[in-house]
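Student: Data: upload-v9.pdb, PDB, C-alpha atoms.
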ATOM      1  CA  MET A 167       0.000   0.000   0.000  1.00  0.00           C
ATOM      2  CA  PHE A 168       2.800   2.445   0.875  1.00  0.00           C
ATOM      3  CA  GLU A 169       5.472   3.011  -1.741  1.00  0.00           C
ATOM      4  CA  SER A 170       8.486   2.199   0.447  1.00  0.00           C
ATOM      5  CA  GLY A 171       6.725  -0.356   2.625  1.00  0.00           C
ATOM      6  CA  LYS A 172       6.761   2.162   5.489  1.00  0.00           C
ATOM      7  CA  PRO A 173       3.824   4.302   6.628  1.00  0.00           C
ATOM      8  CA  PRO A 174       3.692   7.649   4.824  1.00  0.00           C
ATOM      9  CA  VAL A 175       4.953  10.814   6.388  1.00  0.00           C
ATOM     10  CA  VAL A 176       1.708  12.754   6.304  1.00  0.00           C
ATOM     11  CA  GLY A 177       1.783  15.144   9.216  1.00  0.00           C
ATOM     12  CA  ASN A 178      -1.191  15.353  11.521  1.00  0.00           C
ATOM     13  CA  THR A 179      -1.551  19.107  11.033  1.00  0.00           C
ATOM     14  CA  GLU A 180      -4.602  21.334  10.789  1.00  0.00           C
ATOM     15  CA  GLU A 181      -3.589  22.296   7.244  1.00  0.00           C
ATOM     16  CA  ASN A 182      -3.524  18.611   6.196  1.00  0.00           C
ATOM     17  CA  ARG A 183      -6.818  17.960   7.977  1.00  0.00           C
ATOM     18  CA  GLN A 184      -8.465  20.841   6.100  1.00  0.00           C
ATOM     19  CA  THR A 185      -7.250  19.401   2.797  1.00  0.00           C
ATOM     20  CA  CYS A 186      -8.421  15.945   3.843  1.00  0.00           C
ATOM     21  CA  ARG A 187     -11.933  17.115   4.767  1.00  0.00           C
ATOM     22  CA  LYS A 188     -12.511  18.185   1.169  1.00  0.00           C
ATOM     23  CA  TYR A 189     -12.026  14.600  -0.008  1.00  0.00           C
ATOM     24  CA  CYS A 190     -12.686  12.126   2.818  1.00  0.00           C
ATOM     25  CA  THR A 191     -16.090  13.525   3.702  1.00  0.00           C
ATOM     26  CA  ILE A 192     -17.433  12.997   0.169  1.00  0.00           C
ATOM     27  CA  CYS A 193     -15.985   9.495  -0.216  1.00  0.00           C
ATOM     28  CA  GLN A 194     -18.378   6.539  -0.509  1.00  0.00           C
ATOM     29  CA  ASN A 195     -16.558   4.617   2.240  1.00  0.00           C
ATOM     30  CA  TYR A 196     -16.704   7.594   4.593  1.00  0.00           C
ATOM     31  CA  LYS A 197     -20.423   8.116   4.062  1.00  0.00           C
ATOM     32  CA  ARG A 198     -21.490   4.449   4.026  1.00  0.00           C
ATOM     33  CA  HIS A 199     -19.579   3.552   7.206  1.00  0.00           C
ATOM     34  CA  THR A 200     -20.288   6.877   9.002  1.00  0.00           C
ATOM     35  CA  LEU A 201     -16.579   7.311   9.677  1.00  0.00           C
ATOM     36  CA  GLU A 202     -17.120  10.660  11.388  1.00  0.00           C
ATOM     37  CA  LYS A 203     -18.376   8.607  14.370  1.00  0.00           C
ATOM     38  CA  HIS A 204     -15.169   6.538  14.712  1.00  0.00           C
ATOM     39  CA  GLN A 205     -11.535   7.337  15.455  1.00  0.00           C
ATOM     40  CA  PRO A 206      -9.642   8.630  13.659  1.00  0.00           C
ATOM     41  CA  THR A 207     -12.310  10.705  11.946  1.00  0.00           C
ATOM     42  CA  GLU A 208     -10.111  11.873   9.053  1.00  0.00           C
ATOM     43  CA  LEU A 209      -6.584  11.979   7.651  1.00  0.00           C
ATOM     44  CA  PHE A 210      -6.428   8.182   7.523  1.00  0.00           C
ATOM     45  CA  CYS A 211      -3.283   8.306   5.375  1.00  0.00           C
ATOM     46  CA  GLY A 212      -1.484   9.962   8.292  1.00  0.00           C
ATOM     47  CA  CYS A 213      -3.392   8.740  11.349  1.00  0.00           C
ATOM     48  CA  GLY A 214      -4.232   5.168  10.385  1.00  0.00           C
ATOM     49  CA  THR A 215      -7.236   2.978   9.714  1.00  0.00           C
ATOM     50  CA  SER A 216     -10.682   3.828  11.074  1.00  0.00           C
ATOM     51  CA  SER A 217     -11.926   1.921  14.104  1.00  0.00           C
ATOM     52  CA  ALA A 218     -15.315   1.435  12.410  1.00  0.00           C
ATOM     53  CA  PRO A 219     -16.314  -2.255  12.454  1.00  0.00           C
ATOM     54  CA  SER A 220     -16.908  -4.465   9.392  1.00  0.00           C
ATOM     55  CA  MET A 221     -15.929  -2.010   6.674  1.00  0.00           C
ATOM     56  CA  LYS A 222     -15.761  -2.950   3.008  1.00  0.00           C
ATOM     57  CA  GLU A 223     -13.966  -1.238   0.143  1.00  0.00           C
ATOM     58  CA  ILE A 224     -16.771   0.372  -1.846  1.00  0.00           C
ATOM     59  CA  GLY A 225     -15.123   3.459  -3.334  1.00  0.00           C
ATOM     60  CA  CYS A 226     -12.019   5.553  -2.729  1.00  0.00           C
ATOM     61  CA  PHE A 227     -11.279   9.243  -3.224  1.00  0.00           C
ATOM     62  CA  CYS A 228      -7.711   9.047  -1.837  1.00  0.00           C
ATOM     63  CA  PRO A 229      -6.030   9.339  -5.274  1.00  0.00           C
ATOM     64  CA  ALA A 230      -7.885  12.618  -5.930  1.00  0.00           C
ATOM     65  CA  CYS A 231      -6.529  14.219  -2.745  1.00  0.00           C
ATOM     66  CA  PRO A 232      -3.527  16.558  -3.104  1.00  0.00           C
ATOM     67  CA  LEU A 233      -1.907  14.871  -0.080  1.00  0.00           C
ATOM     68  CA  PHE A 234      -1.867  11.578  -2.006  1.00  0.00           C
ATOM     69  CA  THR A 235       0.295  13.116  -4.733  1.00  0.00           C
ATOM     70  CA  LYS A 236       2.367  15.358  -2.467  1.00  0.00           C
ATOM     71  CA  HIS A 237       3.446  12.422  -0.290  1.00  0.00           C
ATOM     72  CA  HIS A 238       3.753   9.871  -3.135  1.00  0.00           C
ATOM     73  CA  LEU A 239       1.112   7.576  -1.646  1.00  0.00           C
ATOM     74  CA  ARG A 240      -0.140   4.473  -3.398  1.00  0.00           C
ATOM     75  CA  GLY A 241      -3.144   2.204  -3.195  1.00  0.00           C
ATOM     76  CA  GLY A 242      -5.764   4.250  -1.393  1.00  0.00           C
ATOM     77  CA  TYR A 243      -8.439   2.930   0.963  1.00  0.00           C
ATOM     78  CA  TYR A 244      -6.422   4.166   3.947  1.00  0.00           C
ATOM     79  CA  CYS A 245      -9.567   4.249   6.084  1.00  0.00           C
ATOM     80  CA  VAL A 246     -10.100   0.495   5.535  1.00  0.00           C
ATOM     81  CA  ARG A 247      -6.715  -1.142   5.032  1.00  0.00           C
ATOM     82  CA  HIS A 248      -4.256  -1.835   7.819  1.00  0.00           C
TER
END
Is it possible to give me this structure as structure tokens?

Tutor:
Amino acid sequence: MFESGKPPVVGNTEENRQTCRKYCTICQNYKRHTLEKHQPTELFCGCGTSSAPSMKEIGCFCPACPLFTKHHLRGGYYCVRH
């Protein structure tokens, strides 16, 4: 999932969270699994997988996010995949 095999260096900053909110909150996975009710609530590429139970991969907006390109991320579905 991560290019080098290591977790990405996406800082948990307010600026990154603001960017993230523009993409995560409109994602099919986010909406379907009500991820705003589980921790972490956003910035999954930097904070890790959501604690929401029984999630499935149903759509991913990660590749459209500027943080995805800026940090050379790969794969997507950061809210679902460990």

Student: Carefully work through the PyMOL selection byres ((chain A and resi 231-243) around 8) for this structure and note down the residues it includes, as a JSON list (two decimals) with C-alpha atoms, keeping the file's coordinate frame.

Tutor:
[["chain", "number", "residue", "atom", "x", "y", "z"],
["A", 167, "MET", "CA", 0.00, 0.00, 0.00],
["A", 168, "PHE", "CA", 2.80, 2.44, 0.88],
["A", 169, "GLU", "CA", 5.47, 3.01, -1.74],
["A", 174, "PRO", "CA", 3.69, 7.65, 4.82],
["A", 175, "VAL", "CA", 4.95, 10.81, 6.39],
["A", 176, "VAL", "CA", 1.71, 12.75, 6.30],
["A", 182, "ASN", "CA", -3.52, 18.61, 6.20],
["A", 185, "THR", "CA", -7.25, 19.40, 2.80],
["A", 186, "CYS", "CA", -8.42, 15.94, 3.84],
["A", 189, "TYR", "CA", -12.03, 14.60, -0.01],
["A", 223, "GLU", "CA", -13.97, -1.24, 0.14],
["A", 225, "GLY", "CA", -15.12, 3.46, -3.33],
["A", 226, "CYS", "CA", -12.02, 5.55, -2.73],
["A", 227, "PHE", "CA", -11.28, 9.24, -3.22],
["A", 228, "CYS", "CA", -7.71, 9.05, -1.84],
["A", 229, "PRO", "CA", -6.03, 9.34, -5.27],
["A", 230, "ALA", "CA", -7.88, 12.62, -5.93],
["A", 244, "TYR", "CA", -6.42, 4.17, 3.95],
["A", 245, "CYS", "CA", -9.57, 4.25, 6.08],
["A", 246, "VAL", "CA", -10.10, 0.50, 5.54],
["A", 247, "ARG", "CA", -6.72, -1.14, 5.03]]

Student: Give as a PDB file with C-alpha atoms, in the coordinates of the input the residues that the PyMOL selection byres ((chain A and resi 221) around 12) matches when applied to the coordinates above.

Tutor:
ATOM      1  CA  GLN A 194     -18.378   6.539  -0.509  1.00  0.00           C
ATOM      2  CA  ASN A 195     -16.558   4.617   2.240  1.00  0.00           C
ATOM      3  CA  TYR A 196     -16.704   7.594   4.593  1.00  0.00           C
ATOM      4  CA  LYS A 197     -20.423   8.116   4.062  1.00  0.00           C
ATOM      5  CA  ARG A 198     -21.490   4.449   4.026  1.00  0.00           C
ATOM      6  CA  HIS A 199     -19.579   3.552   7.206  1.00  0.00           C
ATOM      7  CA  THR A 200     -20.288   6.877   9.002  1.00  0.00           C
ATOM      8  CA  LEU A 201     -16.579   7.311   9.677  1.00  0.00           C
ATOM      9  CA  HIS A 204     -15.169   6.538  14.712  1.00  0.00           C
ATOM     10  CA  THR A 215      -7.236   2.978   9.714  1.00  0.00           C
ATOM     11  CA  SER A 216     -10.682   3.828  11.074  1.00  0.00           C
ATOM     12  CA  SER A 217     -11.926   1.921  14.104  1.00  0.00           C
ATOM     13  CA  ALA A 218     -15.315   1.435  12.410  1.00  0.00           C
ATOM     14  CA  PRO A 219     -16.314  -2.255  12.454  1.00  0.00           C
ATOM     15  CA  SER A 220     -16.908  -4.465   9.392  1.00  0.00           C
ATOM     16  CA  LYS A 222     -15.761  -2.950   3.008  1.00  0.00           C
ATOM     17  CA  GLU A 223     -13.966  -1.238   0.143  1.00  0.00           C
ATOM     18  CA  ILE A 224     -16.771   0.372  -1.846  1.00  0.00           C
ATOM     19  CA  GLY A 225     -15.123   3.459  -3.334  1.00  0.00           C
ATOM     20  CA  TYR A 243      -8.439   2.930   0.963  1.00  0.00           C
ATOM     21  CA  TYR A 244      -6.422   4.166   3.947  1.00  0.00           C
ATOM     22  CA  CYS A 245      -9.567   4.249   6.084  1.00  0.00           C
ATOM     23  CA  VAL A 246     -10.100   0.495   5.535  1.00  0.00           C
ATOM     24  CA  ARG A 247      -6.715  -1.142   5.032  1.00  0.00           C
ATOM     25  CA  HIS A 248      -4.256  -1.835   7.819  1.00  0.00           C
TER      26      HIS A 248
END

Student: When you look at A:Cys213 with a cut-off of 9 Å (counting only C-alpha atoms), what residues show up, excluding the ones that are within fewer than 3 positions of it in the same chain? I need them as a PDB file with C-alpha atoms, keeping the file's coordinate frame.

Tutor:
ATOM      1  CA  VAL A 176       1.708  12.754   6.304  1.00  0.00           C
ATOM      2  CA  GLY A 177       1.783  15.144   9.216  1.00  0.00           C
ATOM      3  CA  ASN A 178      -1.191  15.353  11.521  1.00  0.00           C
ATOM      4  CA  PRO A 206      -9.642   8.630  13.659  1.00  0.00           C
ATOM      5  CA  GLU A 208     -10.111  11.873   9.053  1.00  0.00           C
ATOM      6  CA  LEU A 209      -6.584  11.979   7.651  1.00  0.00           C
ATOM      7  CA  PHE A 210      -6.428   8.182   7.523  1.00  0.00           C
ATOM      8  CA  SER A 216     -10.682   3.828  11.074  1.00  0.00           C
TER       9      SER A 216
END
